[in-house]
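Engineer: Below you'll find the structure I mean.
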Amino acid sequence: MELLANHDASGGGQKLPWIIDADPGIDDAAAIITCLRLGCDVVAISTVHGNSPLENTLQNALRLKELCDSSVPVYAGCSRAILEPRRNAPEIHGRDGMGDLSWGPLGSKHEVEHAVDMIIAQSHLHPGSLSILAVGPLTNLAVALVKDPSLAQRVKELVIMGGTSGGRGNTTIVGEFNFAADPEAAAIVLQAGIPITLVPWETCLKNLVTLEQLQEGGVEALHNPLAEAFLAMTAELLDRTEGVLGYRGFLLCDLLAAAVVMDHEVITEAVDVFAAVETSGTYGRGLTAIDYAKLSGAKPNVNLVLDVDTKRVAALLRQALIA
Ligand code: RIB
Ligand code: CA
C-alpha cells in the first residue's frame with residue numbers, strides 16, 4: 001500500500017519529530033499522555049478550538065504537560081473555524097473540556113508564538129522529517145498551509161483522527177466532529193498532497209477500550225497521580241458512552257490515532273482511497289466523500305484505517321499511564 005510506505009519503515013516513526021495538534025478533550029488527553037509518556041519525540045503541542053473553546057483546550061494541554069512531567073512547549077492556535085460557526089462538545093467532555101475536575105493552579109504558560117507560525121517554523125527546522133498528529137478540527141494546519149503552501153513539501157506525514165468511513169456523522173447527519181467543526185479546513189488539508197493516515201469515526205466506534213483491558217496486569221499499577229487523574233476525567237464518559245451507544249467502554253478516538261503513531265502495527269485493516277470533504281449542501285456539508293469504487297479517477301490521498309487491534313491500543317495506554 002503506497003501511502004503506508006511513507007511511514008517510517010523501521011516502525012520507529014515516533015522517534016522522528018512530531019507536533020500534536022489537539023483540542024483537549026478527554027480522548028485528546030489519552031492521545032497526548034500516550035505520546036508523551038511512551039517517548040514520542042513531540043517537539044510541540046498546538047491547541048485549537050473544538051471540544052471546548054480555545055482558552056480551555058489551551059489550559060487543558062498545559063495541565064496534561066504537567067501531569068506527564070513534560071517540558072514540551074504548548075502553543076495557542078486558532079480560536080474559531082475558517083467559516084463554520086462555533087461548535088463545542090461540553091456534553092461529552094464537560095464545561096472545561098476535560099471532565100470538570102477541580103485542579104490546582106497551573107505552573108506552566110504557553111508560548112508567545114502562534115501555533116500556525118510554529119507549525120511553519122518547525123517544518124523549516126525539520127524539513128521532510130516533521131510529522132503531525134492532528135486530533136482536533138484542522139484549522140491550525142489549514143491556515144498554515146494557506147499562509148505557506150510550500151509547507152506541504154516539508155511535512156513527512158499526517159496522522160489524523162477525523163471524518164467518517166461510511167458517512168455516519170456524530171455531529172451532523174454526515175459530519176464527524178473534527179471535520180464538521182471546520183469543513184473548509186478539512187478540505188484544505190486533505191487536498192494538500194501530504195501523506196495521510198486517517199482514523200475515522202466508525203473505526204473508533206468499533207474499538208472502545210474497556211476498563212478491564214486497562215486493568216489487565218494489575219490494578220495496583222494504576223494507583224498513581226497520572227492514572228488516577230485520567231480515570232477521574234473519564235468517569236462520566238463511560239456513562240455517557242453507555243447512554244449513547246448502549247454499551248460501556250472508553251470511546252477514545254484520538255487514542256487510536258496516537259496508537260498508530262506509537263505502534264503502526266495496531267492497524268489491522270486499511271485501504272488507500274481518494275477522499276475529499278464536502279463544504280456545501282444542507283445535509284452534505286462536512287461529509288467525508290470516499291471513492292472506494294475508484295470512480296473519480298483521482299489518485300488515492302489517504303490511507304483509511306478501517307480497524308485496529310483494540311487490545312494492543314489499550315496496552316499502549318496502560319503502559320503510558322503506569323510508566
Ligand atoms: O469525533 C471525535 C473527535 O472530535 C475527537 O477528536 C474528539 O476529541 C473531538 O475532537
Ligand atoms: Ca480531539
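Each chain in the C-alpha cells gets a letter, A, B and so on, in the order shown; residues start at 1 in every chain, and ligands are counted from 1 in the order they appear.
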Step by step, measure atom-to-atom distances between ligand 2 and each residue using only C-alpha atoms and all ligand atoms, keep those at most 7 Å, then write them as a count of residues only.
Structural biologist: 10
Engineer: Write down as a PyMOL selection string the residues of region 17-251 of chain A whose backbone DSSP state falls under alpha helix (DSSP H).
Structural biologist: chain A and resi 26-37+54-67+90-93+115-125+139-147+151-154+177-180+183-190+201-205+211-215+225-245
Engineer: Which residue, A:Pro195, A:Gly97, A:Pro183, A:Pro17, has the smallest gap to ligand 1 when you use only C-alpha atoms and all ligand atoms?
Structural biologist: A:Gly97
Engineer: When distances are computed from only C-alpha atoms and all ligand atoms, which of A:Ile267, A:Leu321, A:Leu255, A:Ala298 shows the smallest separation from ligand 1?
Structural biologist: A:Leu255
Engineer: Measuring between only C-alpha atoms and all ligand atoms, which one of A:Val143, A:Ile92, A:Leu238, A:Ala61 shows the shortest distance to ligand 1?
Structural biologist: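 Result for the nearest residue to ligand 1: A:Ile92.
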Engineer: Rank nothing, just name the residue among A:Ile132, A:Ile45, A:Val174, A:Val155 nearest to Gly281 (chain A), using only C-alpha atoms.
Structural biologist: A:Val174
Engineer: Record the distance separating CA of Trp201 (chain A) and CA of Gly94 (chain A), expressed in Å with one decimal.
Structural biologist: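 Calculated distance between CA of Trp201 (chain A) and CA of Gly94 (chain A) is 20.2 Å.
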Engineer: If DSSP is run on the backbone, what residues of region 83-259 of chain A are strand (DSSP E or B)? A reply as a PyMOL selection string would be ideal.
Structural biologist: chain A and resi 130-134+155-161+196-199+209+250
Engineer: Near Lys147 (chain A), counting only C-alpha atoms, which residues have an atom at most 9 Å away, once you skip same-chain residues fewer than 6 positions from it, shown as a ChimeraX atom specification?
Structural biologist: /A:116-117,120
Engineer: Atoms to include: C-alpha atoms. Write the selected residues as an mmCIF file, in the first residue's frame.
Structural biologist:
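File written: out-v7.cif
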data_model
loop_
_atom_site.group_PDB
_atom_site.id
_atom_site.type_symbol
_atom_site.label_atom_id
_atom_site.label_comp_id
_atom_site.auth_asym_id
_atom_site.auth_seq_id
_atom_site.Cartn_x
_atom_site.Cartn_y
_atom_site.Cartn_z
ATOM 1 C CA VAL A 116 0.242 28.443 12.909
ATOM 2 C CA ASP A 117 3.638 30.178 12.830
ATOM 3 C CA ILE A 120 5.653 26.571 9.650
#
Engineer: Nearest to ligand 1: which of A:Ala276, A:Leu256, A:Leu106, A:Val112 is it, counting only C-alpha atoms and all ligand atoms?
Structural biologist: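 Counting only C-alpha atoms and all ligand atoms, the residue closest to ligand 1 is A:Leu256.
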